[in-house]
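K.L.:
I am sharing data-v4.cif, which consists of mmCIF, C-alpha atoms:
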```cif
data_protein
#
loop_
_atom_site.group_PDB
_atom_site.id
_atom_site.type_symbol
_atom_site.label_atom_id
_atom_site.label_comp_id
_atom_site.auth_asym_id
_atom_site.auth_seq_id
_atom_site.Cartn_x
_atom_site.Cartn_y
_atom_site.Cartn_z
ATOM 1 C CA MET A 1477 0.000 0.000 0.000
ATOM 2 C CA THR A 1478 1.297 3.463 -0.832
ATOM 3 C CA ALA A 1479 1.757 6.234 1.711
ATOM 4 C CA GLU A 1480 -1.067 8.291 0.173
ATOM 5 C CA PRO A 1481 -4.004 6.030 1.158
ATOM 6 C CA ASP A 1482 -2.383 5.534 4.583
ATOM 7 C CA ALA A 1483 -2.233 9.298 5.135
ATOM 8 C CA LEU A 1484 -5.862 9.700 4.113
ATOM 9 C CA ALA A 1485 -6.948 6.810 6.294
ATOM 10 C CA VAL A 1486 -5.129 8.108 9.370
ATOM 11 C CA VAL A 1487 -6.269 11.713 9.054
ATOM 12 C CA ASN A 1488 -9.880 10.656 8.437
ATOM 13 C CA GLN A 1489 -9.751 8.407 11.496
ATOM 14 C CA LEU A 1490 -8.393 11.265 13.607
ATOM 15 C CA ARG A 1491 -11.120 13.531 12.224
ATOM 16 C CA ASP A 1492 -13.821 11.030 13.213
ATOM 17 C CA LEU A 1493 -12.338 10.558 16.686
ATOM 18 C CA ALA A 1494 -12.056 14.324 17.222
ATOM 19 C CA ALA A 1495 -15.742 14.697 16.321
ATOM 20 C CA ASP A 1496 -16.639 13.246 19.734
ATOM 21 C CA PRO A 1497 -16.206 15.894 22.470
ATOM 22 C CA LEU A 1498 -15.188 13.163 24.943
ATOM 23 C CA ASN A 1499 -12.091 12.366 22.880
ATOM 24 C CA ARG A 1500 -10.656 15.834 22.352
ATOM 25 C CA ARG A 1501 -8.542 16.194 25.494
ATOM 26 C CA ALA A 1502 -6.935 12.773 24.990
ATOM 27 C CA ILE A 1503 -6.005 13.509 21.376
ATOM 28 C CA VAL A 1504 -4.375 16.843 22.219
ATOM 29 C CA GLN A 1505 -2.519 15.368 25.201
ATOM 30 C CA ASP A 1506 -1.134 12.518 23.077
ATOM 31 C CA GLN A 1507 2.471 13.244 22.094
ATOM 32 C CA GLY A 1508 2.100 12.190 18.472
ATOM 33 C CA CYS A 1509 -1.365 13.082 17.195
ATOM 34 C CA LEU A 1510 -1.330 16.883 17.365
ATOM 35 C CA PRO A 1511 2.141 17.199 15.768
ATOM 36 C CA GLY A 1512 0.970 14.730 13.147
ATOM 37 C CA LEU A 1513 -2.089 16.822 12.311
ATOM 38 C CA ILE A 1514 0.180 19.849 11.894
ATOM 39 C CA LEU A 1515 2.304 17.897 9.406
ATOM 40 C CA PHE A 1516 -0.859 16.933 7.530
ATOM 41 C CA LEU A 1517 -1.611 20.648 7.036
ATOM 42 C CA ASP A 1518 1.371 20.756 4.642
ATOM 43 C CA HIS A 1519 0.373 17.597 2.768
ATOM 44 C CA PRO A 1520 0.178 17.832 -1.064
ATOM 45 C CA ASN A 1521 -3.249 16.164 -1.171
ATOM 46 C CA PRO A 1522 -5.934 18.854 -0.588
ATOM 47 C CA GLN A 1523 -8.320 16.322 0.971
ATOM 48 C CA VAL A 1524 -5.726 15.376 3.580
ATOM 49 C CA VAL A 1525 -5.279 19.063 4.415
ATOM 50 C CA TYR A 1526 -9.040 19.640 4.628
ATOM 51 C CA SER A 1527 -9.641 16.611 6.857
ATOM 52 C CA ALA A 1528 -6.750 17.685 9.099
ATOM 53 C CA LEU A 1529 -8.298 21.151 9.408
ATOM 54 C CA LEU A 1530 -11.643 19.610 10.370
ATOM 55 C CA ALA A 1531 -9.927 17.552 13.062
ATOM 56 C CA VAL A 1532 -8.062 20.618 14.381
ATOM 57 C CA ARG A 1533 -11.295 22.631 14.435
ATOM 58 C CA TYR A 1534 -13.047 19.915 16.408
ATOM 59 C CA LEU A 1535 -10.179 19.850 18.915
ATOM 60 C CA ALA A 1536 -10.288 23.637 19.263
ATOM 61 C CA GLU A 1537 -13.955 23.431 20.317
ATOM 62 C CA CYS A 1538 -12.603 22.350 23.715
ATOM 63 C CA ARG A 1539 -11.457 25.596 25.316
ATOM 64 C CA ALA A 1540 -8.976 23.773 27.557
ATOM 65 C CA ASN A 1541 -7.119 22.598 24.435
ATOM 66 C CA ARG A 1542 -6.586 25.959 22.794
ATOM 67 C CA GLU A 1543 -3.513 27.243 24.671
ATOM 68 C CA LYS A 1544 -1.619 24.001 24.039
ATOM 69 C CA MET A 1545 -2.706 23.937 20.395
ATOM 70 C CA LYS A 1546 -1.666 27.555 19.882
ATOM 71 C CA GLY A 1547 1.754 26.863 21.388
ATOM 72 C CA GLU A 1548 2.354 23.613 19.498
ATOM 73 C CA LEU A 1549 5.371 23.960 17.206
ATOM 74 C CA GLY A 1550 4.300 24.819 13.663
ATOM 75 C CA MET A 1551 0.543 25.117 14.308
ATOM 76 C CA MET A 1552 0.017 28.832 13.677
ATOM 77 C CA LEU A 1553 2.606 28.954 10.883
ATOM 78 C CA SER A 1554 1.015 26.007 9.085
ATOM 79 C CA LEU A 1555 -2.431 27.603 9.335
ATOM 80 C CA GLN A 1556 -1.001 30.804 7.864
ATOM 81 C CA ASN A 1557 0.572 28.843 5.019
ATOM 82 C CA VAL A 1558 -2.765 27.209 4.179
ATOM 83 C CA MET A 1559 -4.459 30.613 4.135
ATOM 84 C CA GLN A 1560 -1.770 32.222 1.965
ATOM 85 C CA LYS A 1561 -1.286 29.505 -0.658
ATOM 86 C CA THR A 1562 -2.782 30.570 -3.975
ATOM 87 C CA THR A 1563 -3.734 26.964 -4.757
ATOM 88 C CA THR A 1564 -5.763 26.483 -1.551
ATOM 89 C CA PRO A 1565 -9.522 26.081 -2.239
ATOM 90 C CA GLY A 1566 -11.743 28.851 -0.885
ATOM 91 C CA GLU A 1567 -13.571 26.754 1.722
ATOM 92 C CA THR A 1568 -10.262 25.395 2.998
ATOM 93 C CA LYS A 1569 -8.885 28.929 3.409
ATOM 94 C CA LEU A 1570 -12.020 29.981 5.257
ATOM 95 C CA LEU A 1571 -11.784 27.055 7.666
ATOM 96 C CA ALA A 1572 -8.062 27.670 8.283
ATOM 97 C CA SER A 1573 -8.768 31.352 8.930
ATOM 98 C CA GLU A 1574 -11.486 30.491 11.435
ATOM 99 C CA ILE A 1575 -9.182 28.136 13.343
ATOM 100 C CA TYR A 1576 -6.349 30.691 13.308
ATOM 101 C CA GLU A 1577 -8.556 33.421 14.754
ATOM 102 C CA LEU A 1578 -9.928 31.084 17.423
ATOM 103 C CA LEU A 1579 -6.472 29.958 18.566
ATOM 104 C CA GLN A 1580 -5.050 33.483 18.320
ATOM 105 C CA ALA A 1581 -7.650 34.579 20.877
ATOM 106 C CA ALA A 1582 -6.710 31.795 23.303
ATOM 107 C CA GLY A 1583 -5.841 33.183 26.733
ATOM 108 C CA THR A 1584 -7.073 36.695 25.906
ATOM 109 C CA ALA A 1585 -10.034 38.685 27.201
ATOM 110 C CA GLU A 1586 -11.857 37.972 23.953
ATOM 111 C CA GLU A 1587 -11.935 34.284 24.844
ATOM 112 C CA ASP A 1588 -12.869 34.795 28.490
ATOM 113 C CA GLN A 1589 -16.611 34.848 27.860
ATOM 114 C CA PRO A 1590 -18.923 32.346 29.621
ATOM 115 C CA GLU A 1591 -19.709 29.284 27.549
ATOM 116 C CA GLY A 1592 -22.255 27.588 29.784
ATOM 117 C CA GLY A 1593 -20.882 24.197 30.757
ATOM 118 C CA ALA A 1594 -17.803 22.215 29.880
ATOM 119 C CA SER A 1595 -17.001 22.950 26.259
ATOM 120 C CA CYS A 1596 -15.228 19.600 25.837
ATOM 121 C CA ARG A 1597 -18.451 17.705 26.473
ATOM 122 C CA ARG A 1598 -21.038 19.678 24.522
ATOM 123 C CA LYS A 1599 -22.283 17.239 21.920
ATOM 124 C CA ALA A 1600 -24.937 19.615 20.599
ATOM 125 C CA GLN A 1601 -22.584 22.313 19.347
ATOM 126 C CA PHE A 1602 -20.099 22.430 16.492
ATOM 127 C CA PHE A 1603 -18.325 25.399 14.961
ATOM 128 C CA LEU A 1604 -20.738 27.782 16.693
ATOM 129 C CA GLY A 1605 -18.184 30.493 17.413
ATOM 130 C CA THR A 1606 -18.535 33.949 15.910
ATOM 131 C CA THR A 1607 -14.874 34.345 15.052
ATOM 132 C CA ASN A 1608 -15.602 34.481 11.352
ATOM 133 C CA LYS A 1609 -18.438 36.716 10.171
ATOM 134 C CA ARG A 1610 -18.227 35.271 6.663
ATOM 135 C CA ALA A 1611 -19.655 31.965 7.863
ATOM 136 C CA LYS A 1612 -22.810 30.782 9.622
ATOM 137 C CA THR A 1613 -24.136 27.565 11.134
ATOM 138 C CA VAL A 1614 -27.287 25.744 10.049
ATOM 139 C CA VAL A 1615 -28.752 22.823 12.014
ATOM 140 C CA LEU A 1616 -30.705 20.250 10.020
ATOM 141 C CA HIS A 1617 -33.056 17.544 11.252
ATOM 142 C CA ILE A 1618 -32.924 14.798 8.631
ATOM 143 C CA ASP A 1619 -35.724 12.254 8.363
ATOM 144 C CA GLY A 1620 -34.228 8.978 7.158
ATOM 145 C CA LEU A 1621 -30.743 9.509 8.628
ATOM 146 C CA ASP A 1622 -30.727 6.018 10.086
ATOM 147 C CA ASP A 1623 -27.339 4.407 9.425
ATOM 148 C CA SER A 1624 -23.822 4.872 8.051
ATOM 149 C CA THR A 1625 -24.997 4.325 4.464
ATOM 150 C CA ARG A 1626 -27.464 7.212 4.705
ATOM 151 C CA ARG A 1627 -24.784 9.294 6.410
ATOM 152 C CA SER A 1628 -22.461 8.700 3.455
ATOM 153 C CA LEU A 1629 -25.206 9.831 1.068
ATOM 154 C CA CYS A 1630 -25.573 13.039 3.088
ATOM 155 C CA GLU A 1631 -21.828 13.656 3.024
ATOM 156 C CA GLU A 1632 -21.681 13.225 -0.743
ATOM 157 C CA ALA A 1633 -24.633 15.568 -1.287
ATOM 158 C CA LEU A 1634 -23.294 18.305 1.007
ATOM 159 C CA LEU A 1635 -19.743 18.158 -0.342
ATOM 160 C CA LYS A 1636 -21.060 18.971 -3.808
ATOM 161 C CA ILE A 1637 -22.316 22.384 -2.657
ATOM 162 C CA LYS A 1638 -19.966 25.314 -3.150
ATOM 163 C CA GLY A 1639 -19.919 27.206 0.125
ATOM 164 C CA VAL A 1640 -20.169 24.301 2.580
ATOM 165 C CA ILE A 1641 -17.188 24.591 4.921
ATOM 166 C CA SER A 1642 -17.721 21.696 7.305
ATOM 167 C CA PHE A 1643 -20.370 19.519 8.888
ATOM 168 C CA THR A 1644 -20.892 16.935 11.597
ATOM 169 C CA PHE A 1645 -23.581 14.389 12.336
ATOM 170 C CA GLN A 1646 -25.516 13.688 15.521
ATOM 171 C CA MET A 1647 -26.850 10.301 14.495
ATOM 172 C CA ALA A 1648 -28.773 9.618 17.703
ATOM 173 C CA VAL A 1649 -31.073 12.588 17.070
ATOM 174 C CA LYS A 1650 -30.893 12.498 13.238
ATOM 175 C CA ARG A 1651 -29.256 15.895 12.960
ATOM 176 C CA CYS A 1652 -26.498 17.435 10.906
ATOM 177 C CA VAL A 1653 -24.792 20.695 11.912
ATOM 178 C CA VAL A 1654 -23.431 22.463 8.842
ATOM 179 C CA ARG A 1655 -21.014 25.392 8.673
ATOM 180 C CA ILE A 1656 -21.545 27.391 5.469
ATOM 181 C CA ARG A 1657 -20.577 30.702 3.887
ATOM 182 C CA SER A 1658 -22.863 33.523 4.951
ATOM 183 C CA ASP A 1659 -24.052 34.095 1.373
ATOM 184 C CA LEU A 1660 -25.269 30.500 0.924
ATOM 185 C CA LYS A 1661 -28.968 29.906 1.565
ATOM 186 C CA ALA A 1662 -30.029 27.132 3.919
ATOM 187 C CA GLU A 1663 -32.519 26.009 1.260
ATOM 188 C CA ALA A 1664 -29.558 24.767 -0.790
ATOM 189 C CA LEU A 1665 -28.803 22.265 1.967
ATOM 190 C CA GLY A 1666 -32.395 21.064 2.054
ATOM 191 C CA SER A 1667 -32.356 20.631 -1.715
ATOM 192 C CA ALA A 1668 -29.117 18.646 -1.531
ATOM 193 C CA ILE A 1669 -30.517 16.273 1.087
ATOM 194 C CA ALA A 1670 -33.724 15.859 -0.919
ATOM 195 C CA SER A 1671 -31.650 14.913 -3.967
ATOM 196 C CA THR A 1672 -30.722 11.658 -2.207
ATOM 197 C CA LYS A 1673 -34.375 10.571 -2.751
ATOM 198 C CA VAL A 1674 -34.369 8.703 0.580
ATOM 199 C CA MET A 1675 -34.027 11.563 3.081
ATOM 200 C CA LYS A 1676 -35.686 14.881 3.797
ATOM 201 C CA ALA A 1677 -34.312 17.795 5.838
ATOM 202 C CA GLN A 1678 -35.930 20.439 8.008
ATOM 203 C CA GLN A 1679 -34.133 23.394 9.564
ATOM 204 C CA VAL A 1680 -33.877 23.481 13.363
ATOM 205 C CA VAL A 1681 -34.497 27.003 14.661
ATOM 206 C CA LYS A 1682 -34.367 28.082 18.304
ATOM 207 C CA LYS A 1683 -36.993 30.577 19.467
ATOM 208 C CA GLU A 1684 -36.339 33.379 21.942
ATOM 209 C CA ASP A 1685 -37.590 31.247 24.828
ATOM 210 C CA GLY A 1686 -35.127 28.503 23.909
ATOM 211 C CA GLU A 1687 -37.685 26.149 22.390
ATOM 212 C CA GLU A 1688 -36.600 24.449 19.158
ATOM 213 C CA VAL A 1689 -38.912 24.288 16.162
ATOM 214 C CA LEU A 1690 -38.558 22.467 12.845
ATOM 215 C CA ILE A 1691 -39.007 24.604 9.728
ATOM 216 C CA PRO A 1692 -39.647 22.607 6.527
ATOM 217 C CA PHE A 1693 -37.966 23.743 3.316
ATOM 218 C CA GLN A 1694 -40.207 24.756 0.434
ATOM 219 C CA GLU A 1695 -40.763 22.037 -2.148
ATOM 220 C CA ASP A 1696 -41.019 24.214 -5.255
ATOM 221 C CA GLY A 1697 -38.123 22.603 -7.087
ATOM 222 C CA PRO A 1698 -34.401 22.272 -6.402
ATOM 223 C CA VAL A 1699 -32.391 25.360 -5.504
ATOM 224 C CA GLU A 1700 -29.701 26.274 -8.024
ATOM 225 C CA VAL A 1701 -26.304 26.266 -6.306
ATOM 226 C CA GLU A 1702 -22.717 26.374 -7.486
ATOM 227 C CA GLN A 1703 -21.141 22.933 -7.506
ATOM 228 C CA ASN A 1704 -17.971 22.414 -5.475
ATOM 229 C CA THR A 1705 -15.192 21.081 -7.695
ATOM 230 C CA ASP A 1706 -12.243 22.187 -5.550
ATOM 231 C CA LEU A 1707 -12.231 19.280 -3.126
ATOM 232 C CA PRO A 1708 -12.281 15.539 -3.835
ATOM 233 C CA ASP A 1709 -14.857 13.386 -2.044
ATOM 234 C CA TYR A 1710 -14.222 11.909 1.354
ATOM 235 C CA LEU A 1711 -13.153 8.280 1.402
ATOM 236 C CA PRO A 1712 -16.186 5.991 1.001
ATOM 237 C CA GLU A 1713 -17.131 4.109 4.162
ATOM 238 C CA GLU A 1714 -15.785 0.807 2.802
ATOM 239 C CA GLU A 1715 -12.327 2.365 2.259
ATOM 240 C CA SER A 1716 -12.190 4.074 5.620
ATOM 241 C CA PRO A 1717 -10.665 2.346 8.649
ATOM 242 C CA SER A 1718 -13.724 3.574 10.567
ATOM 243 C CA GLN A 1719 -16.299 1.014 9.434
ATOM 244 C CA ASP A 1720 -18.635 1.991 12.280
ATOM 245 C CA PRO A 1721 -18.443 5.740 13.006
ATOM 246 C CA ASP A 1722 -20.370 5.433 16.274
ATOM 247 C CA LYS A 1723 -17.867 2.883 17.599
ATOM 248 C CA ALA A 1724 -14.858 4.778 16.289
ATOM 249 C CA VAL A 1725 -15.599 7.977 18.169
ATOM 250 C CA SER A 1726 -16.153 6.166 21.463
ATOM 251 C CA ARG A 1727 -12.680 4.643 21.784
ATOM 252 C CA VAL A 1728 -10.344 7.362 23.021
ATOM 253 C CA GLY A 1729 -10.437 8.127 26.710
ATOM 254 C CA SER A 1730 -12.909 5.338 27.498
ATOM 255 C CA THR A 1731 -11.010 2.110 26.784
ATOM 256 C CA GLN A 1732 -7.480 0.856 26.341
ATOM 257 C CA GLU A 1733 -8.317 0.288 22.672
ATOM 258 C CA GLY A 1734 -8.512 4.033 22.133
ATOM 259 C CA VAL A 1735 -5.113 4.600 23.686
ATOM 260 C CA GLY A 1736 -3.765 1.798 21.543
ATOM 261 C CA TRP A 1737 -5.173 3.338 18.405
ATOM 262 C CA LEU A 1738 -3.609 6.700 19.200
ATOM 263 C CA SER A 1739 -0.270 4.947 19.659
ATOM 264 C CA THR A 1740 -0.712 3.261 16.301
ATOM 265 C CA ALA A 1741 -1.473 6.610 14.666
ATOM 266 C CA ALA A 1742 1.522 8.236 16.329
ATOM 267 C CA ASN A 1743 3.781 5.402 15.149
ATOM 268 C CA PHE A 1744 2.486 5.822 11.601
ATOM 269 C CA LEU A 1745 3.175 9.547 11.727
ATOM 270 C CA SER A 1746 6.693 9.104 13.072
ATOM 271 C CA ARG A 1747 7.477 6.516 10.384
ATOM 272 C CA SER A 1748 6.030 8.550 7.545
ATOM 273 C CA PHE A 1749 7.234 12.119 8.187
ATOM 274 C CA TYR A 1750 10.762 13.360 8.753
ATOM 275 C CA TRP A 1751 10.660 17.045 7.870
#
```
Hey, can you dump this file as structure tokens for me?

P.N.:
Amino acid sequence: MTAEPDALAVVNQLRDLAADPLNRRAIVQDQGCLPGLILFLDHPNPQVVYSALLAVRYLAECRANREKMKGELGMMLSLQNVMQKTTTPGETKLLASEIYELLQAAGTAEEDQPEGGASCRRKAQFFLGTTNKRAKTVVLHIDGLDDSTRRSLCEEALLKIKGVISFTFQMAVKRCVVRIRSDLKAEALGSAIASTKVMKAQQVVKKEDGEEVLIPFQEDGPVEVEQNTDLPDYLPEEESPSQDPDKAVSRVGSTQEGVGWLSTAANFLSRSFYW
């Protein structure tokens, strides 16, 4: 097997593990994973870079991680390089910029605002910071989001939309939290999900009193959106080492298997990168 599929497999596994708030402290404290993610930010494959950025953004959702991440050798410089490269796709630049601003504020008065609970353990929030005014978050409730096959269909549909920066799934409650450019309409997401023919999305909106309501998207034909051709697709489920996403994100910090996997990832990184 070549190094390229191995790099993709490892970074996608780290991304999936970092998606679980319970795993984020363990990943950052591991001596090999965070430096490895930084090396992935300079990888020639744009999908490796994008997946690494998603993993880093997940990890930065835990406030306790940010100081260490900011001080990690090469982190801020690598983020700057991603933002400044002329060949970097627009959504990738936007995500790198958001992470940079979030880490730059670590330890400052700007960050010292109440967050309401332990940020490492908030499963209901993802990329909800206001560090980047060019992006917004849309929460979707998706009828039919029942298993990993349907999840893969959602991923493929969302990745085709120009302006989608990142997304994560909350399978237990059939939700998807999507980070998009501020000029992209939420209806485009609903149209993309509907194009799967087996699922239907509604937007989750929170009222002033905190109650959540589901707003259906209009069914007057598909919304015309610009197709995203900058980024290749994620690895299909059958090619990913994470055959069962729900099991994959529960390993770190809860069992010895998770610690073992992190060691395996760190060993791969140390064998594969020398610069």

K.L.:
May I ask which of the residues A:Lys1544, A:Glu1632, A:Phe1693, A:Lys1561 is the closest one to A:Gln1507, counting all atoms listed in the file?

P.N.:
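Ranked by minimum distance to A:Gln1507, first place goes to A:Lys1544.
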
K.L.:
Considering all atoms listed in the file, can you say which of A:Glu1574, A:Glu1631, A:Asp1506, A:Asp1622 comes closest to A:Glu1537?

P.N.:
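Ranking A:Glu1574, A:Glu1631, A:Asp1506, A:Asp1622 by distance to A:Glu1537, first place goes to A:Glu1574.
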
K.L.:
Find the distance between atom CA of A:Gln1489 and atom CA of A:Gln1505 and write it in Å to one decimal.

P.N.:
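Those two atoms sit 17.0 Å apart.
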
K.L.:
Of the residues A:Asp1518, A:Arg1610, A:His1617, A:Glu1543, which is the one nearest to A:Met1559, using only C-alpha atoms?

P.N.:
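Looking only at the distances to A:Met1559, the closest residue turns out to be A:Asp1518.
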
K.L.:
Show which residues sit within 8 Å of A:Val1504, as JSON, numbers by chain. Count all atoms listed in the file, and ignore same-chain residues fewer than 5 positions away.

P.N.:
{"A": [1509, 1510, 1535, 1541, 1544, 1545]}

K.L.:
Just to be explicit: take each residue in the selection above, keep C-alpha atoms, and write the result as an mmCIF file, in the frame of the given file.

P.N.:
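And here's out_37.cif as it stands now:
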```
data_model
loop_
_atom_site.group_PDB
_atom_site.id
_atom_site.type_symbol
_atom_site.label_atom_id
_atom_site.label_comp_id
_atom_site.auth_asym_id
_atom_site.auth_seq_id
_atom_site.Cartn_x
_atom_site.Cartn_y
_atom_site.Cartn_z
ATOM 1 C CA CYS A 1509 -1.365 13.082 17.195
ATOM 2 C CA LEU A 1510 -1.330 16.883 17.365
ATOM 3 C CA LEU A 1535 -10.179 19.850 18.915
ATOM 4 C CA ASN A 1541 -7.119 22.598 24.435
ATOM 5 C CA LYS A 1544 -1.619 24.001 24.039
ATOM 6 C CA MET A 1545 -2.706 23.937 20.395
#
```

K.L.:
Output, as lines of an AutoDock Vina configuration file, the centre and edge lengths in Å (one decimal) of the axis-aligned box that contains all listed atoms of stretch 1555-1571 of chain A with 8 Å of margin on each side.

P.N.:
```
center_x = -6.5
center_y = 28.8
center_z = 2.3
size_x = 30.1
size_y = 22.8
size_z = 30.1
```

K.L.:
Counting all atoms listed in the file, figure out which residue out of A:Asp1482, A:Asp1659, A:Glu1548, A:Asp1619 gets nearest to A:Pro1692.

P.N.:
A:Asp1619

K.L.:
As a check of understanding, name the residues that the PyMOL selection byres ((chain A and resi 1663) around 9) selects in the supplied structure, as a PyMOL selection string.

P.N.:
chain A and resi 1660-1662+1664-1668+1679+1693-1694+1698-1699

K.L.:
Those same residues - C-alpha atoms - I'd like them written as a compact mmCIF listing (two decimals), keeping the file's coordinate frame.

P.N.:
```txt
# COMPACT_ATOMS: atom_id res chain seq x y z
CA LEU A 1660 -25.27 30.50 0.92
CA LYS A 1661 -28.97 29.91 1.56
CA ALA A 1662 -30.03 27.13 3.92
CA ALA A 1664 -29.56 24.77 -0.79
CA LEU A 1665 -28.80 22.26 1.97
CA GLY A 1666 -32.40 21.06 2.05
CA SER A 1667 -32.36 20.63 -1.72
CA ALA A 1668 -29.12 18.65 -1.53
CA GLN A 1679 -34.13 23.39 9.56
CA PHE A 1693 -37.97 23.74 3.32
CA GLN A 1694 -40.21 24.76 0.43
CA PRO A 1698 -34.40 22.27 -6.40
CA VAL A 1699 -32.39 25.36 -5.50
```

K.L.:
Would you work out the distance separating atom CA of A:Leu1635 from atom CA of A:Val1525, expressed in Å to one decimal?

P.N.:
15.3 Å

K.L.:
Select, from A:Ala1648, A:Ala1572, A:Val1615, A:Ala1495, the residue with the minimum atom-to-atom distance to A:Leu1529, counting only C-alpha atoms.

P.N.:
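Closest candidate: A:Ala1572.
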
K.L.:
Enter the distance from atom CA of A:Glu1577 to atom CA of A:Val1614, in Å, rounded to one decimal.

P.N.:
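If I compute the distance from atom CA of A:Glu1577 to atom CA of A:Val1614, I get 20.8 Å.
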
K.L.:
Could you give me, as a VMD selection string, the residues that have an atom at most 10 Å away from the point (-35.3, 29.0, 14.7) in the coordinates of the file, using all atoms listed in the file?

P.N.:
chain A and resid 1614 to 1615 1679 to 1684 1686 to 1691

K.L.:
Can you tell me, as a ChimeraX atom specification, which residues sit within 9 Å of (-10.1, 15.7, 7.7) in the file's frame, using only C-alpha atoms?

P.N.:
/A:1484,1487-1492,1523-1532,1710

K.L.:
Spell out the residues picked by the PyMOL selection byres ((chain A and resi 1658) around 12) here, as a count of residues only.

P.N.:
22

K.L.:
Taking the partial coordinates given, rebuild stretch 1490-1495 of chain A to contain all heavy atoms; return it as a PDB file, in the frame of the given file.

P.N.:
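For reference, part-v7.pdb as written:
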```
ATOM      1  N   LEU A1490      -8.563  10.229  12.589  1.00  0.00           N
ATOM      2  CA  LEU A1490      -8.393  11.265  13.607  1.00  0.00           C
ATOM      3  C   LEU A1490      -9.541  12.265  13.571  1.00  0.00           C
ATOM      4  O   LEU A1490     -10.011  12.719  14.615  1.00  0.00           O
ATOM      5  CB  LEU A1490      -7.058  11.987  13.404  1.00  0.00           C
ATOM      6  CG  LEU A1490      -5.815  11.278  13.920  1.00  0.00           C
ATOM      7  CD1 LEU A1490      -4.562  11.982  13.435  1.00  0.00           C
ATOM      8  CD2 LEU A1490      -5.830  11.186  15.433  1.00  0.00           C
ATOM      9  N   ARG A1491      -9.984  12.614  12.365  1.00  0.00           N
ATOM     10  CA  ARG A1491     -11.120  13.531  12.224  1.00  0.00           C
ATOM     11  C   ARG A1491     -12.369  12.954  12.880  1.00  0.00           C
ATOM     12  O   ARG A1491     -13.096  13.650  13.611  1.00  0.00           O
ATOM     13  CB  ARG A1491     -11.388  13.795  10.741  1.00  0.00           C
ATOM     14  CG  ARG A1491     -12.559  14.740  10.466  1.00  0.00           C
ATOM     15  CD  ARG A1491     -13.039  14.543   9.035  1.00  0.00           C
ATOM     16  NE  ARG A1491     -13.638  13.228   8.880  1.00  0.00           N
ATOM     17  CZ  ARG A1491     -13.683  12.563   7.716  1.00  0.00           C
ATOM     18  NH1 ARG A1491     -13.153  13.075   6.636  1.00  0.00           N
ATOM     19  NH2 ARG A1491     -14.263  11.378   7.653  1.00  0.00           N
ATOM     20  N   ASP A1492     -12.636  11.660  12.640  1.00  0.00           N
ATOM     21  CA  ASP A1492     -13.821  11.030  13.213  1.00  0.00           C
ATOM     22  C   ASP A1492     -13.718  10.932  14.736  1.00  0.00           C
ATOM     23  O   ASP A1492     -14.707  11.123  15.450  1.00  0.00           O
ATOM     24  CB  ASP A1492     -14.020   9.638  12.615  1.00  0.00           C
ATOM     25  CG  ASP A1492     -14.447   9.686  11.149  1.00  0.00           C
ATOM     26  OD1 ASP A1492     -14.904  10.761  10.708  1.00  0.00           O
ATOM     27  OD2 ASP A1492     -14.320   8.661  10.449  1.00  0.00           O
ATOM     28  N   LEU A1493     -12.528  10.625  15.239  1.00  0.00           N
ATOM     29  CA  LEU A1493     -12.338  10.558  16.686  1.00  0.00           C
ATOM     30  C   LEU A1493     -12.496  11.931  17.328  1.00  0.00           C
ATOM     31  O   LEU A1493     -13.110  12.073  18.386  1.00  0.00           O
ATOM     32  CB  LEU A1493     -10.948   9.995  17.000  1.00  0.00           C
ATOM     33  CG  LEU A1493     -10.746   8.498  16.731  1.00  0.00           C
ATOM     34  CD1 LEU A1493      -9.268   8.153  16.791  1.00  0.00           C
ATOM     35  CD2 LEU A1493     -11.527   7.649  17.713  1.00  0.00           C
ATOM     36  N   ALA A1494     -11.971  12.965  16.680  1.00  0.00           N
ATOM     37  CA  ALA A1494     -12.056  14.324  17.222  1.00  0.00           C
ATOM     38  C   ALA A1494     -13.479  14.857  17.199  1.00  0.00           C
ATOM     39  O   ALA A1494     -13.794  15.814  17.915  1.00  0.00           O
ATOM     40  CB  ALA A1494     -11.132  15.257  16.427  1.00  0.00           C
ATOM     41  N   ALA A1495     -14.349  14.244  16.397  1.00  0.00           N
ATOM     42  CA  ALA A1495     -15.742  14.697  16.321  1.00  0.00           C
ATOM     43  C   ALA A1495     -16.478  14.461  17.636  1.00  0.00           C
ATOM     44  O   ALA A1495     -17.465  15.138  17.930  1.00  0.00           O
ATOM     45  CB  ALA A1495     -16.462  13.985  15.177  1.00  0.00           C
TER      46      ALA A1495
END
```
